[in-house]
Amino acid sequence: MRVESTPAGLFLPDVGLHVDPVLPVEAAAITHAHGDHARALPGLLYATPETAAVLRVRTGAAPATVEAACGAPVDLRRPGAAPARLTFFPAGHILGSAGVLVECGGERLFCTGDVKLRPSLTCAPAEIPECDLLVMESTFGLPVFRFPPVEALRAAILAHARAALAEGETPVFLGYALGKGPEIAKILGEGGIPTSLHGAIAKMTKVYESFGVSFPEAAPYEEGNLDGRALVVPPACRNQPIVARRRKVRVVAVTGWALLDAAYERYGAHGLVPLSDHADFDGLRRIAEVSRARRVFTVHGFAEPFSRVLALAGIDAAPLPAARPEET
Amino acid sequence: MKGFALVAANLRATRRTSGKIDLAAGYLGALDPASLPIAARFLSGRPFSAREERTLSVGGSAIYRTGRAMFPEIDDETLGDCFREVGDAGETFALLQRGRGREEDLRLSEAAEFFDRLAATRGVEPKLSLLAGTLAPLAPDVLKEMVKLATGGQRTGLSMLLLEQAIARAFSVPVEAVQRANLLSGDVGRVAGLARAGRLSEAELVLFHPLGFQLAAVYEPGDELPWERIVVEEKFDGVRAQAHVAPSEALSSGRVALFSRTLDEVTRSFPEIAKRLAGLAVPLVADGEILAWENGRALPFGRLQKRLGRKKVDAALAAEVPLVFVFYDLLAWKNELVIDLPFAERRKRLESLVLPPGAFLSPVSRAQSAADLERLFDAAIAHGNEGLMIKDESAPYAPGKRGRSWLKYKKARATLDVVVTAAEPGHGKRAGLLSDLTFAVRATDGSLVNVGKAYSGLTDAEIAEMTATFKRITEKMYGRTRLVRPEVVLEVAFDGIQQSKRHKSGYALRFPRILRLRRDKPVSEIDTVERVASLHDELLAGPANATPRSSRTG
């Protein structure tokens, strides 16, 4: 099966399918509903039910959609292309995230989308199927990017929240509305810390709840009412009044980039917790290994160095130029 | 070092300066007398005191090779990518060390001994084996601080000013006493020890560590001045330098050091100046200017520029660009600090000096009125100088401060001092050379905001040299564009200023050209968005007002 990087994004010409297109195309699988993967809705959308639900909330649009639950194969039949079978596998990245396996003519190609192997409280753990060709992300594909154990990071989030509250500060956690924000809310909830959510995150947690992920300790943010509560906001809100005009805050950036001290400046943070929704360097290597792929293409982040690392380990690997802008 | 590593990490996480002072004070206050000086030096980001000549001679390549030895499982290129991506050697080592089960600590005294040994070790291979041997077993947080100390600073945001305040707080002594002792001794570690013992008054002057330079504010015609106290000198367009002179019994075998505005030692670039000053009869620290000089007048800066950044100066170059040293102020005299004396008193001491050939005292005039200043200004321009320095003869010397006791008066064409933020390869003849430079000025909040991009102005040799520099200080690649650490300061001329939506500064320079590299200018002193805005307004106001004053300091 051929894999091409086109202006519209990743394209599998033999079966007539795009993956995570950046321009409107006829048919595409979308691995998850983050803006940089779901930039343009296709004429015919293949997605997990969770991703389809988030896309409806995010875009208000409802293209013709084939909803395929993880592990449930669907037939892929595009005009002028070979018939194939498409199966989603949970990617462990965010709610609904899934890698897509395309089987055609006895060959198996798997695109990971964004993927994380570590456990999450708000989405299903990743499964990596064996395949012949693997297209994998490499956001953190350098050996400096190794994350501490999840348990320690969850404990660090709770410790920041408790210490801030004890000192009369409002603990403010930075996390995207889809993914990290709800994950932080869930971690704080399990630690028994009452939490207020920025409107964008609160809106997204409704979708989570419709898929059985509940947030009993969390409530939408209301003006003024933050005594004894933690606040979760998207990173872009760091300098907006919701955070900036409070006199006593402890801002905690929760992201893989928090491994680097530069993140203090970048996020205007007082605390850094490197809890990521991406696989770290070791995780990425394990993905390449367990897939048993005979050829690996790396995309995003450190695609070039990571493909070299794989090649040195004896895996046939090369970077695939990304059509979409790098995630920041 | 565990305790030091913890306080360094907490300092990085603390945004308020008052919080930083509290943290450092709490840490220093609890240390034993033997550890205190070491910890204070390390907090200043240096393995040795500022006054020491010793250097580790551990460059990027030695650190990289140490990384190769410590992390053999990582291939060369990937290791290079790691250093580049993380942008800090200490952090890179610490991140790579994680999960390897290395948990050794060092006592502060052991860390200090290691740096002593490293400085004393000659040859690349012995240095490498000492580095790798000592660093390999260390816990990641300790390793991080050790590598940062070896490679150029802790990046904790604890400036010397804050460290001095922390020492004062820790030992309940006046901050002025700490600052003065630090200025005298150039060793913040010794100062911390003296502060702890209540013996700050015992600090004595030690030569050969740079003191801060007094800076000048801008004179605007019409500014009211205390005319009875005003003295005026011509403003030379050379390289500002601080001369430290310790004469010896045998004439002209004394020791001399020259320091630049950036507080770097530049003695080797100006050997003939150093040689001449060695003949002075009195130990002193003087402020002055190095000028290219011929037939009784200063040569254009361009001639002097040939001498800048040279590590070795041969006789031919020395003959091609003859130099003089112009004395204009005095910081120390016969082993006493004299910065608190009025300028008139400092000047008297300078006038009592017998100066060697190739050195002279900057002539002073009196001015009683703005009209006098205009007359003196025209004379200065006629002499090939830049303008005037207007000084208050009753004022003390204020190291590192920009106050109204020194004013500069220039009517230069408008130029801006900017810092390079990104570099791209050029085209044609300059393909492969990083010749297309994006540059920034400073915004009100202290961040850097781009105002333009220039393609020309440097010589081929300078471009080649800058290409190597930019590669070394690259922080991130975006395709062909390298975002670089803001370190390279340029002076740019331009035809106009437009308002721009594309640049974060809100302005774009029209047809910017690089006039010269400003190696003598620290990044902290580049121009501001406010100055760009006021130039923009002045230029709009038309030719009658189109003689904006440059804030450039020679």
# chains A, B, ... in the order shown; residues from 1 in each chain; ligands from 1
>>> residues_around(residues="Gly175 of chain A", least_positions_apart="2", cutoff="12 Å", atoms="only C-alpha atoms", output="PyMOL selection string")
chain A and resi 172-173+177-185+197-198+200-201+231-238+251-256+267+272-277
>>> interface_residues(of="chain A", to="chain B", cutoff="9 Å", atoms="only C-alpha atoms", output="list of chain:residue names")
A:Leu142, A:Pro143, A:Val144, A:Phe145, A:Arg146, A:Pro148, A:Leu259, A:Leu260, A:Asp261, A:Ala262, A:Tyr264, A:Gly268, A:Ala269, A:His270, A:Gly271, A:Leu272, A:Pro305, A:Phe306, A:Arg308, A:Val309, A:Leu312
>>> write_last_selection(atoms="C-alpha atoms", output="compact mmCIF listing (two decimals), in the first residue's frame")
# COMPACT_ATOMS: atom_id res chain seq x y z
CA LEU A 142 14.20 12.57 21.20
CA PRO A 143 15.81 10.67 24.11
CA VAL A 144 15.61 13.75 26.35
CA PHE A 145 11.85 13.31 26.40
CA ARG A 146 11.18 10.60 28.96
CA PRO A 148 8.17 10.25 34.95
CA LEU A 259 10.12 18.73 31.09
CA LEU A 260 12.01 21.85 30.00
CA ASP A 261 12.63 24.83 32.27
CA ALA A 262 11.82 27.09 29.34
CA TYR A 264 8.11 28.43 33.03
CA GLY A 268 3.91 31.93 32.58
CA ALA A 269 3.86 29.09 35.08
CA HIS A 270 4.88 28.71 38.72
CA GLY A 271 4.79 24.95 38.52
CA LEU A 272 5.47 22.40 35.80
CA PRO A 305 15.82 12.24 14.36
CA PHE A 306 13.36 9.62 15.53
CA ARG A 308 17.17 7.77 12.47
CA VAL A 309 16.96 6.27 15.96
CA LEU A 312 19.96 2.53 13.95
>>> residues_around(residues="Leu143 of chain B", least_positions_apart="5", cutoff="10 Å", atoms="only C-alpha atoms", output="number ranges by chain")
B: 1-2, 5, 90-95, 97, 102-106, 134-138, 148-149
>>> write_last_selection(atoms="C-alpha atoms", output="JSON list (two decimals), in the first residue's frame")
[["chain", "number", "residue", "atom", "x", "y", "z"],
["B", 1, "MET", "CA", 24.72, 19.86, 45.89],
["B", 2, "LYS", "CA", 21.25, 18.38, 46.50],
["B", 5, "ALA", "CA", 19.92, 21.95, 43.23],
["B", 90, "GLY", "CA", 22.72, 21.18, 32.01],
["B", 91, "GLU", "CA", 19.10, 20.39, 31.32],
["B", 92, "THR", "CA", 20.04, 18.09, 28.45],
["B", 93, "PHE", "CA", 22.40, 16.06, 30.64],
["B", 94, "ALA", "CA", 19.82, 15.88, 33.43],
["B", 95, "LEU", "CA", 17.05, 14.71, 31.10],
["B", 97, "GLN", "CA", 20.46, 10.91, 32.99],
["B", 102, "ARG", "CA", 22.52, 7.29, 39.03],
["B", 103, "GLU", "CA", 21.88, 8.96, 42.35],
["B", 104, "GLU", "CA", 25.20, 10.24, 43.68],
["B", 105, "ASP", "CA", 25.44, 13.60, 45.35],
["B", 106, "LEU", "CA", 28.47, 15.85, 45.84],
["B", 134, "THR", "CA", 32.97, 13.04, 37.89],
["B", 135, "LEU", "CA", 29.65, 13.71, 36.22],
["B", 136, "ALA", "CA", 28.60, 10.20, 35.18],
["B", 137, "PRO", "CA", 27.49, 8.88, 38.61],
["B", 138, "LEU", "CA", 25.60, 12.03, 39.62],
["B", 148, "LYS", "CA", 25.25, 24.62, 34.14],
["B", 149, "LEU", "CA", 28.08, 25.88, 36.35]]
>>> residues_around(residues="Gly506 of chain B", least_positions_apart="4", cutoff="9 Å", atoms="only C-alpha atoms", output="short mmCIF file (atom, residue, chain, number, x, y, z; two decimals) with N, CA and C atoms, in the first residue's frame")
data_model
loop_
_atom_site.label_atom_id
_atom_site.label_comp_id
_atom_site.auth_asym_id
_atom_site.auth_seq_id
_atom_site.Cartn_x
_atom_site.Cartn_y
_atom_site.Cartn_z
N VAL B 449 10.62 42.11 20.47
CA VAL B 449 9.64 42.15 19.37
C VAL B 449 10.36 42.56 18.10
N ASN B 450 10.11 41.81 17.03
CA ASN B 450 10.81 42.04 15.78
C ASN B 450 10.37 43.36 15.14
N VAL B 451 11.34 44.04 14.52
CA VAL B 451 11.01 45.26 13.78
C VAL B 451 11.50 45.22 12.34
N GLN B 498 7.56 52.28 9.25
CA GLN B 498 6.14 52.16 8.95
C GLN B 498 5.44 51.43 10.07
N GLN B 499 4.17 51.75 10.24
CA GLN B 499 3.40 50.92 11.16
C GLN B 499 3.11 49.59 10.46
N SER B 500 3.14 48.52 11.24
CA SER B 500 3.06 47.20 10.62
C SER B 500 2.19 46.27 11.45
N LYS B 501 1.30 45.59 10.77
CA LYS B 501 0.50 44.59 11.48
C LYS B 501 1.25 43.27 11.58
N ARG B 502 2.24 43.12 10.69
CA ARG B 502 2.92 41.83 10.61
C ARG B 502 3.86 41.64 11.80
N VAL B 529 10.84 49.65 21.97
CA VAL B 529 9.71 49.97 21.10
C VAL B 529 9.33 51.44 21.24
N ALA B 533 8.83 54.06 18.33
CA ALA B 533 7.59 54.82 18.17
C ALA B 533 7.89 56.32 18.09
#
>>> closest_residue(among="A:Ala64, A:Ala124, A:Ala313, A:Ala33", to="Phe211 of chain A", atoms="only C-alpha atoms")
A:Ala124
>>> residues_around(residues="Glu530 of chain B", least_positions_apart="5", cutoff="9 Å", atoms="only C-alpha atoms", output="list in words")
Arg442, Ala443, Thr444 and Leu535 of chain B
>>> write_last_selection(atoms="C-alpha atoms", output="mmCIF file, in the first residue's frame")
data_model
loop_
_atom_site.group_PDB
_atom_site.id
_atom_site.type_symbol
_atom_site.label_atom_id
_atom_site.label_comp_id
_atom_site.auth_asym_id
_atom_site.auth_seq_id
_atom_site.Cartn_x
_atom_site.Cartn_y
_atom_site.Cartn_z
ATOM 1 C CA ARG B 442 12.685 45.451 23.492
ATOM 2 C CA ALA B 443 9.005 45.835 24.371
ATOM 3 C CA THR B 444 7.702 47.515 27.500
ATOM 4 C CA LEU B 535 11.379 58.031 15.888
#
>>> residues_around(residues="Arg41 of chain B", least_positions_apart="6", cutoff="7 Å", atoms="only C-alpha atoms", output="list of chain:residue names")
B:Pro47, B:Phe48, B:Ser49, B:Val188, B:Gly189
>>> write_last_selection(atoms="C-alpha atoms", output="PDB file, in the first residue's frame")
ATOM      1  CA  PRO B  47      32.270  28.139  39.594  1.00  0.00           C
ATOM      2  CA  PHE B  48      34.822  30.785  40.608  1.00  0.00           C
ATOM      3  CA  SER B  49      34.569  34.340  41.837  1.00  0.00           C
ATOM      4  CA  VAL B 188      30.455  37.318  46.217  1.00  0.00           C
ATOM      5  CA  GLY B 189      31.472  34.181  48.101  1.00  0.00           C
TER       6      GLY B 189
END
>>> atom_distance(atom1="atom CA of Val191 of chain B", atom2="atom CA of Gly288 of chain B")
28.1 Å
>>> residues_around(residues="Phe327 of chain B", least_positions_apart="5", cutoff="9 Å", atoms="only C-alpha atoms", output="list of chain:residue names")
B:Ala286, B:Asp287, B:Gly288, B:Glu289, B:Leu350, B:Ala359, B:Phe360, B:Leu361, B:Ser362
>>> write_last_selection(atoms="C-alpha atoms", output="CSV table (one decimal), in the first residue's frame")
chain,number,residue,atom,x,y,z
B,286,ALA,CA,40.2,54.0,35.1
B,287,ASP,CA,37.3,54.5,32.8
B,288,GLY,CA,38.1,55.6,29.2
B,289,GLU,CA,37.9,55.0,25.5
B,350,LEU,CA,43.8,61.8,37.0
B,359,ALA,CA,47.3,57.9,26.3
B,360,PHE,CA,45.8,61.2,27.1
B,361,LEU,CA,43.3,62.8,29.4
B,362,SER,CA,40.0,63.8,27.8
>>> atom_distance(atom1="atom CA of Lys235 of chain B", atom2="atom CA of Val420 of chain B")
27.3 Å
>>> atom_distance(atom1="atom CA of Thr467 of chain B", atom2="atom CA of Lys127 of chain B")
28.1 Å
>>> select_by_dssp(residues="segment 63-277 of chain A", states="strand (DSSP E)", output="number ranges by chain")
A: 64-67, 74-76, 84-90, 98-104, 107-111, 133-137, 170-174, 195-197, 218-220, 230-233, 249-254, 271-273
>>> select_by_dssp(residues="segment 57-196 of chain A", states="alpha helix (DSSP H)", output="PDB file with C-alpha atoms, in the first residue's frame")
ATOM      1  CA  VAL A  57     -19.952  19.967  19.319  1.00  0.00           C
ATOM      2  CA  ARG A  58     -16.829  21.678  18.007  1.00  0.00           C
ATOM      3  CA  THR A  59     -17.885  22.438  14.455  1.00  0.00           C
ATOM      4  CA  VAL A 150       1.945   8.760  35.686  1.00  0.00           C
ATOM      5  CA  GLU A 151       1.270   8.133  39.383  1.00  0.00           C
ATOM      6  CA  ALA A 152       4.025  10.566  40.377  1.00  0.00           C
ATOM      7  CA  LEU A 153       2.663  13.196  37.998  1.00  0.00           C
ATOM      8  CA  ARG A 154      -0.889  12.845  39.290  1.00  0.00           C
ATOM      9  CA  ALA A 155       0.500  13.180  42.808  1.00  0.00           C
ATOM     10  CA  ALA A 156       2.390  16.319  41.731  1.00  0.00           C
ATOM     11  CA  ILE A 157      -0.843  17.860  40.411  1.00  0.00           C
ATOM     12  CA  LEU A 158      -2.588  17.177  43.704  1.00  0.00           C
ATOM     13  CA  ALA A 159       0.392  18.419  45.711  1.00  0.00           C
ATOM     14  CA  HIS A 160       0.397  21.711  43.781  1.00  0.00           C
ATOM     15  CA  ALA A 161      -3.352  22.081  44.357  1.00  0.00           C
ATOM     16  CA  ARG A 162      -3.155  21.361  48.071  1.00  0.00           C
ATOM     17  CA  ALA A 163      -0.080  23.532  48.696  1.00  0.00           C
ATOM     18  CA  ALA A 164      -1.619  26.462  46.832  1.00  0.00           C
ATOM     19  CA  LEU A 165      -4.928  26.158  48.676  1.00  0.00           C
ATOM     20  CA  ALA A 166      -3.084  25.930  52.005  1.00  0.00           C
ATOM     21  CA  LYS A 180      -5.736  17.562  29.136  1.00  0.00           C
ATOM     22  CA  GLY A 181      -8.305  19.861  30.757  1.00  0.00           C
ATOM     23  CA  PRO A 182     -10.805  17.100  31.521  1.00  0.00           C
ATOM     24  CA  GLU A 183      -7.964  14.751  32.515  1.00  0.00           C
ATOM     25  CA  ILE A 184      -6.730  17.300  35.082  1.00  0.00           C
ATOM     26  CA  ALA A 185     -10.304  17.796  36.315  1.00  0.00           C
ATOM     27  CA  LYS A 186     -10.630  14.051  36.778  1.00  0.00           C
ATOM     28  CA  ILE A 187      -7.312  13.798  38.649  1.00  0.00           C
ATOM     29  CA  LEU A 188      -8.281  16.687  40.947  1.00  0.00           C
ATOM     30  CA  GLY A 189     -11.700  15.069  41.460  1.00  0.00           C
ATOM     31  CA  GLU A 190     -10.173  11.754  42.481  1.00  0.00           C
TER      32      GLU A 190
END
>>> decode(residues="segment 17-115 of chain B", atoms="C-alpha atoms", output="PDB file, in the first residue's frame")
ATOM      1  CA  THR B  17      11.945  38.829  42.725  1.00  0.00           C
ATOM      2  CA  SER B  18      10.971  39.164  46.388  1.00  0.00           C
ATOM      3  CA  GLY B  19      10.305  35.432  46.451  1.00  0.00           C
ATOM      4  CA  LYS B  20      13.694  34.754  44.857  1.00  0.00           C
ATOM      5  CA  ILE B  21      15.432  36.880  47.486  1.00  0.00           C
ATOM      6  CA  ASP B  22      13.595  35.056  50.282  1.00  0.00           C
ATOM      7  CA  LEU B  23      14.549  31.656  48.891  1.00  0.00           C
ATOM      8  CA  ALA B  24      18.214  32.503  48.430  1.00  0.00           C
ATOM      9  CA  ALA B  25      18.415  34.218  51.837  1.00  0.00           C
ATOM     10  CA  GLY B  26      16.847  31.248  53.595  1.00  0.00           C
ATOM     11  CA  TYR B  27      19.276  28.864  51.908  1.00  0.00           C
ATOM     12  CA  LEU B  28      22.439  30.918  52.482  1.00  0.00           C
ATOM     13  CA  GLY B  29      21.493  31.780  56.064  1.00  0.00           C
ATOM     14  CA  ALA B  30      21.382  28.126  57.052  1.00  0.00           C
ATOM     15  CA  LEU B  31      24.755  27.094  55.603  1.00  0.00           C
ATOM     16  CA  ASP B  32      27.909  26.410  57.599  1.00  0.00           C
ATOM     17  CA  PRO B  33      30.813  28.876  57.219  1.00  0.00           C
ATOM     18  CA  ALA B  34      32.796  26.574  54.935  1.00  0.00           C
ATOM     19  CA  SER B  35      29.957  25.932  52.473  1.00  0.00           C
ATOM     20  CA  LEU B  36      28.594  29.464  52.382  1.00  0.00           C
ATOM     21  CA  PRO B  37      31.168  31.107  50.053  1.00  0.00           C
ATOM     22  CA  ILE B  38      30.916  28.213  47.597  1.00  0.00           C
ATOM     23  CA  ALA B  39      27.130  28.294  47.557  1.00  0.00           C
ATOM     24  CA  ALA B  40      27.061  32.079  47.089  1.00  0.00           C
ATOM     25  CA  ARG B  41      29.452  31.836  44.133  1.00  0.00           C
ATOM     26  CA  PHE B  42      27.436  28.999  42.620  1.00  0.00           C
ATOM     27  CA  LEU B  43      24.229  31.012  43.045  1.00  0.00           C
ATOM     28  CA  SER B  44      25.852  33.740  40.991  1.00  0.00           C
ATOM     29  CA  GLY B  45      26.141  31.109  38.265  1.00  0.00           C
ATOM     30  CA  ARG B  46      29.907  30.805  38.327  1.00  0.00           C
ATOM     31  CA  PRO B  47      32.270  28.139  39.594  1.00  0.00           C
ATOM     32  CA  PHE B  48      34.822  30.785  40.608  1.00  0.00           C
ATOM     33  CA  SER B  49      34.569  34.340  41.837  1.00  0.00           C
ATOM     34  CA  ALA B  50      34.221  37.118  39.283  1.00  0.00           C
ATOM     35  CA  ARG B  51      37.677  38.425  40.085  1.00  0.00           C
ATOM     36  CA  GLU B  52      39.462  35.207  39.299  1.00  0.00           C
ATOM     37  CA  GLU B  53      41.255  34.829  36.051  1.00  0.00           C
ATOM     38  CA  ARG B  54      40.905  31.071  36.068  1.00  0.00           C
ATOM     39  CA  THR B  55      38.600  29.598  33.489  1.00  0.00           C
ATOM     40  CA  LEU B  56      37.430  26.047  33.018  1.00  0.00           C
ATOM     41  CA  SER B  57      38.070  26.120  29.262  1.00  0.00           C
ATOM     42  CA  VAL B  58      35.142  23.802  28.793  1.00  0.00           C
ATOM     43  CA  GLY B  59      33.578  24.703  25.466  1.00  0.00           C
ATOM     44  CA  GLY B  60      30.627  23.321  23.564  1.00  0.00           C
ATOM     45  CA  SER B  61      32.725  20.623  21.992  1.00  0.00           C
ATOM     46  CA  ALA B  62      34.087  19.338  25.318  1.00  0.00           C
ATOM     47  CA  ILE B  63      30.571  19.196  26.739  1.00  0.00           C
ATOM     48  CA  TYR B  64      29.294  17.414  23.674  1.00  0.00           C
ATOM     49  CA  ARG B  65      32.087  14.873  23.879  1.00  0.00           C
ATOM     50  CA  THR B  66      31.405  14.374  27.578  1.00  0.00           C
ATOM     51  CA  GLY B  67      27.807  13.639  26.594  1.00  0.00           C
ATOM     52  CA  ARG B  68      29.045  11.103  24.039  1.00  0.00           C
ATOM     53  CA  ALA B  69      31.067   9.365  26.731  1.00  0.00           C
ATOM     54  CA  MET B  70      28.259   9.364  29.275  1.00  0.00           C
ATOM     55  CA  PHE B  71      25.445   8.354  26.925  1.00  0.00           C
ATOM     56  CA  PRO B  72      27.077   6.004  24.431  1.00  0.00           C
ATOM     57  CA  GLU B  73      23.745   4.493  23.422  1.00  0.00           C
ATOM     58  CA  ILE B  74      22.740   7.756  21.737  1.00  0.00           C
ATOM     59  CA  ASP B  75      24.160   8.415  18.294  1.00  0.00           C
ATOM     60  CA  ASP B  76      26.087  11.638  17.558  1.00  0.00           C
ATOM     61  CA  GLU B  77      23.448  13.333  15.503  1.00  0.00           C
ATOM     62  CA  THR B  78      20.627  12.600  17.920  1.00  0.00           C
ATOM     63  CA  LEU B  79      22.718  13.860  20.811  1.00  0.00           C
ATOM     64  CA  GLY B  80      23.306  17.074  18.868  1.00  0.00           C
ATOM     65  CA  ASP B  81      19.560  17.337  18.243  1.00  0.00           C
ATOM     66  CA  CYS B  82      18.959  16.936  21.975  1.00  0.00           C
ATOM     67  CA  PHE B  83      21.347  19.752  22.898  1.00  0.00           C
ATOM     68  CA  ARG B  84      19.837  21.989  20.235  1.00  0.00           C
ATOM     69  CA  GLU B  85      16.230  21.266  21.147  1.00  0.00           C
ATOM     70  CA  VAL B  86      16.666  21.652  24.901  1.00  0.00           C
ATOM     71  CA  GLY B  87      18.915  24.673  24.456  1.00  0.00           C
ATOM     72  CA  ASP B  88      20.745  24.183  27.744  1.00  0.00           C
ATOM     73  CA  ALA B  89      23.520  21.683  28.320  1.00  0.00           C
ATOM     74  CA  GLY B  90      22.721  21.182  32.012  1.00  0.00           C
ATOM     75  CA  GLU B  91      19.102  20.392  31.316  1.00  0.00           C
ATOM     76  CA  THR B  92      20.037  18.086  28.453  1.00  0.00           C
ATOM     77  CA  PHE B  93      22.397  16.056  30.636  1.00  0.00           C
ATOM     78  CA  ALA B  94      19.822  15.880  33.430  1.00  0.00           C
ATOM     79  CA  LEU B  95      17.052  14.712  31.098  1.00  0.00           C
ATOM     80  CA  LEU B  96      19.266  12.035  29.581  1.00  0.00           C
ATOM     81  CA  GLN B  97      20.458  10.915  32.993  1.00  0.00           C
ATOM     82  CA  ARG B  98      16.945  10.256  34.265  1.00  0.00           C
ATOM     83  CA  GLY B  99      15.971   6.681  34.800  1.00  0.00           C
ATOM     84  CA  ARG B 100      19.564   5.447  34.720  1.00  0.00           C
ATOM     85  CA  GLY B 101      19.650   4.874  38.467  1.00  0.00           C
ATOM     86  CA  ARG B 102      22.524   7.290  39.031  1.00  0.00           C
ATOM     87  CA  GLU B 103      21.880   8.957  42.345  1.00  0.00           C
ATOM     88  CA  GLU B 104      25.205  10.239  43.680  1.00  0.00           C
ATOM     89  CA  ASP B 105      25.445  13.602  45.355  1.00  0.00           C
ATOM     90  CA  LEU B 106      28.472  15.853  45.838  1.00  0.00           C
ATOM     91  CA  ARG B 107      29.222  18.007  48.813  1.00  0.00           C
ATOM     92  CA  LEU B 108      29.572  21.696  47.934  1.00  0.00           C
ATOM     93  CA  SER B 109      33.245  21.436  48.861  1.00  0.00           C
ATOM     94  CA  GLU B 110      33.680  18.440  46.541  1.00  0.00           C
ATOM     95  CA  ALA B 111      31.993  20.354  43.725  1.00  0.00           C
ATOM     96  CA  ALA B 112      34.338  23.302  44.300  1.00  0.00           C
ATOM     97  CA  GLU B 113      37.355  20.968  44.303  1.00  0.00           C
ATOM     98  CA  PHE B 114      36.176  19.438  41.046  1.00  0.00           C
ATOM     99  CA  PHE B 115      36.061  22.859  39.377  1.00  0.00           C
TER     100      PHE B 115
END
